[in-house]
Amino acid sequence: MTPSPSDTSTTVVAQGTFDILHPGHVHYLSDAASMGTELHVIIARRENVTHKEPPVLSNEQRRDMVAALEVVDEARIGHPEDIFVPIRDIEPDVIALGYDQHHEEDSIAEALDERGIDCEVRRASGREPNHDDELLSTGDIIDRVCDQRC
Ligand SMILES: Cc1cc2nc3c(=O)[nH]c(=O)nc-3n(C[C@H](O)[C@H](O)[C@H](O)COP(=O)(O)O)c2cc1C
Ligand SMILES: Nc1ncnc2c1ncn2[C@@H]1O[C@H](COP(=O)(O)OP(=O)(O)OP(=O)(O)O)[C@@H](O)[C@H]1O
């Protein structure tokens, strides 16, 4: 018997700040998309980006740029307080952590387990520069803008 599309679909979630898109972001989202058949992206709210400089661009602008990428099926702004609220809503089969995202695979898997959410946690690959002058970090792009334009 041929399986129905709902039997074969695999939903993947990716997440991050995505402030000023660059090829590293495209690499991450393409890698995450290749882990399933549908890619949803959670955009970190500005007030929750506390481990580095807050994003320059608004929540809505970052969401709209990520949503415009061909590999992305849906992008949404994250929950203000509880990162598991969007996860319950999306019901992903896989959470794809970015190659350098500070979240530990094991602790996310444990937190999902405690909440009765059945979802695999995987780590995406990093992108190496394709040429000498390729900037693969928002922080590096901002530094160059400051050096060259300020
Ligand atoms: C599974 C998962 C779900 C997340 N959901 C949210 C969320 O709902 N709201 C939010 O502001 N941040 C959320 N985050 C946090 C951010 O997406 C991001 O991981 C964090 O700010 C680090 O951003 P960076 O990887 O761009 O440095 C989530 C992170 C993970 C791992
Ligand atoms: N060069 C890269 N290769 C693969 N994935 C990347 C690369 N750069 C960023 N990502 C992934 O994209 C997601 C969002 O990244 P983030 O918004 O923190 O960008 P960033 O360029 O790393 O920012 P910053 O330079 O401010 O640390 C994260 O999961 C991160 O791992």
# chains A, B, ... in the order shown; residues from 1 in each chain; ligands from 1

$ residues_near_ligand --ligand "ligand 2" --cutoff "7 Å" --atoms "only C-alpha atoms and all ligand atoms" --output "count of residues only"
25

$ closest_atom_pairs --of "chain A" --to "ligand 1" --cutoff "8 Å" --atoms "only C-alpha atoms and all ligand atoms" --output "Markdown table"
| residue | atom | partner | partner_atom_place_in_ligand_line | distance |
| --- | --- | --- | --- | --- |
| A:Val13 | CA | ligand 1 | 1 (C) | 7.5 |
| A:Ala14 | CA | ligand 1 | 1 (C) | 7.5 |
| A:Gln15 | CA | ligand 1 | 17 (O) | 4.2 |
| A:Gly16 | CA | ligand 1 | 26 (O) | 3.6 |
| A:Thr17 | CA | ligand 1 | 26 (O) | 3.7 |
| A:Phe18 | CA | ligand 1 | 26 (O) | 6.0 |
| A:Asp19 | CA | ligand 1 | 26 (O) | 8.0 |
| A:Ile42 | CA | ligand 1 | 5 (N) | 5.9 |
| A:Ile43 | CA | ligand 1 | 17 (O) | 5.6 |
| A:Ala44 | CA | ligand 1 | 11 (O) | 3.6 |
| A:Arg45 | CA | ligand 1 | 11 (O) | 3.9 |
| A:Arg46 | CA | ligand 1 | 11 (O) | 6.9 |
| A:Glu47 | CA | ligand 1 | 11 (O) | 7.2 |
| A:Asn48 | CA | ligand 1 | 11 (O) | 4.9 |
| A:Val49 | CA | ligand 1 | 21 (O) | 4.7 |
| A:Thr50 | CA | ligand 1 | 21 (O) | 7.3 |
| A:His51 | CA | ligand 1 | 27 (O) | 7.4 |
| A:Lys52 | CA | ligand 1 | 27 (O) | 7.4 |
| A:Ile77 | CA | ligand 1 | 9 (N) | 6.8 |
| A:Gly78 | CA | ligand 1 | 9 (N) | 3.3 |
| A:His79 | CA | ligand 1 | 8 (O) | 3.7 |
| A:Pro80 | CA | ligand 1 | 11 (O) | 5.5 |
| A:Glu81 | CA | ligand 1 | 9 (N) | 6.9 |
| A:Asp82 | CA | ligand 1 | 8 (O) | 6.0 |
| A:Ile83 | CA | ligand 1 | 5 (N) | 3.7 |
| A:Phe84 | CA | ligand 1 | 3 (C) | 6.2 |
| A:Val85 | CA | ligand 1 | 8 (O) | 6.5 |
| A:Pro86 | CA | ligand 1 | 8 (O) | 5.7 |
| A:Ile87 | CA | ligand 1 | 3 (C) | 6.7 |
| A:Ile95 | CA | ligand 1 | 1 (C) | 6.2 |
| A:Leu97 | CA | ligand 1 | 31 (C) | 6.2 |
| A:Gly98 | CA | ligand 1 | 25 (O) | 6.5 |
| A:Asp100 | CA | ligand 1 | 25 (O) | 7.2 |
| A:Gln101 | CA | ligand 1 | 25 (O) | 4.6 |
| A:His102 | CA | ligand 1 | 22 (C) | 6.8 |
| A:His103 | CA | ligand 1 | 31 (C) | 6.0 |
| A:Ile108 | CA | ligand 1 | 1 (C) | 7.0 |

$ atom_distance --atom1 "atom CA of Arg88 of chain A" --atom2 "atom CA of Glu53 of chain A"
28.6 Å

$ select_by_dssp --residues "segment 12-63 of chain A" --states "strand (DSSP E or B)" --output "MDAnalysis selection string"
chainID A and resid 12:16 38:43

$ write_last_selection --atoms "N, CA and C atoms" --output "PDB file, in the first residue's frame"
ATOM      1  N   VAL A  12      10.663  19.387  10.818  1.00  0.00           N
ATOM      2  CA  VAL A  12      11.916  19.785  11.474  1.00  0.00           C
ATOM      3  C   VAL A  12      11.760  21.218  11.974  1.00  0.00           C
ATOM      4  N   VAL A  13      12.317  21.485  13.152  1.00  0.00           N
ATOM      5  CA  VAL A  13      12.349  22.847  13.685  1.00  0.00           C
ATOM      6  C   VAL A  13      13.808  23.317  13.778  1.00  0.00           C
ATOM      7  N   ALA A  14      14.038  24.540  13.300  1.00  0.00           N
ATOM      8  CA  ALA A  14      15.330  25.210  13.498  1.00  0.00           C
ATOM      9  C   ALA A  14      15.042  26.504  14.249  1.00  0.00           C
ATOM     10  N   GLN A  15      16.050  27.080  14.885  1.00  0.00           N
ATOM     11  CA  GLN A  15      15.821  28.285  15.674  1.00  0.00           C
ATOM     12  C   GLN A  15      17.090  29.117  15.760  1.00  0.00           C
ATOM     13  N   GLY A  16      16.886  30.409  16.000  1.00  0.00           N
ATOM     14  CA  GLY A  16      18.054  31.273  16.131  1.00  0.00           C
ATOM     15  C   GLY A  16      17.659  32.732  16.035  1.00  0.00           C
ATOM     16  N   GLU A  38       9.443  19.099   6.026  1.00  0.00           N
ATOM     17  CA  GLU A  38       8.858  20.418   6.278  1.00  0.00           C
ATOM     18  C   GLU A  38       9.706  21.136   7.320  1.00  0.00           C
ATOM     19  N   LEU A  39      10.079  22.388   7.014  1.00  0.00           N
ATOM     20  CA  LEU A  39      10.933  23.130   7.959  1.00  0.00           C
ATOM     21  C   LEU A  39      10.205  24.331   8.557  1.00  0.00           C
ATOM     22  N   HIS A  40      10.138  24.332   9.884  1.00  0.00           N
ATOM     23  CA  HIS A  40       9.593  25.475  10.637  1.00  0.00           C
ATOM     24  C   HIS A  40      10.751  26.138  11.376  1.00  0.00           C
ATOM     25  N   VAL A  41      10.736  27.466  11.419  1.00  0.00           N
ATOM     26  CA  VAL A  41      11.843  28.184  12.081  1.00  0.00           C
ATOM     27  C   VAL A  41      11.282  29.096  13.163  1.00  0.00           C
ATOM     28  N   ILE A  42      11.885  29.018  14.351  1.00  0.00           N
ATOM     29  CA  ILE A  42      11.503  29.878  15.476  1.00  0.00           C
ATOM     30  C   ILE A  42      12.556  30.989  15.589  1.00  0.00           C
ATOM     31  N   ILE A  43      12.079  32.229  15.505  1.00  0.00           N
ATOM     32  CA  ILE A  43      12.970  33.386  15.578  1.00  0.00           C
ATOM     33  C   ILE A  43      13.039  33.842  17.042  1.00  0.00           C
TER      34      ILE A  43
END

$ closest_residue --among "A:Ile20, A:Ile141, A:Val72, A:Val94" --to "Val56 of chain A" --atoms "only C-alpha atoms"
A:Ile20
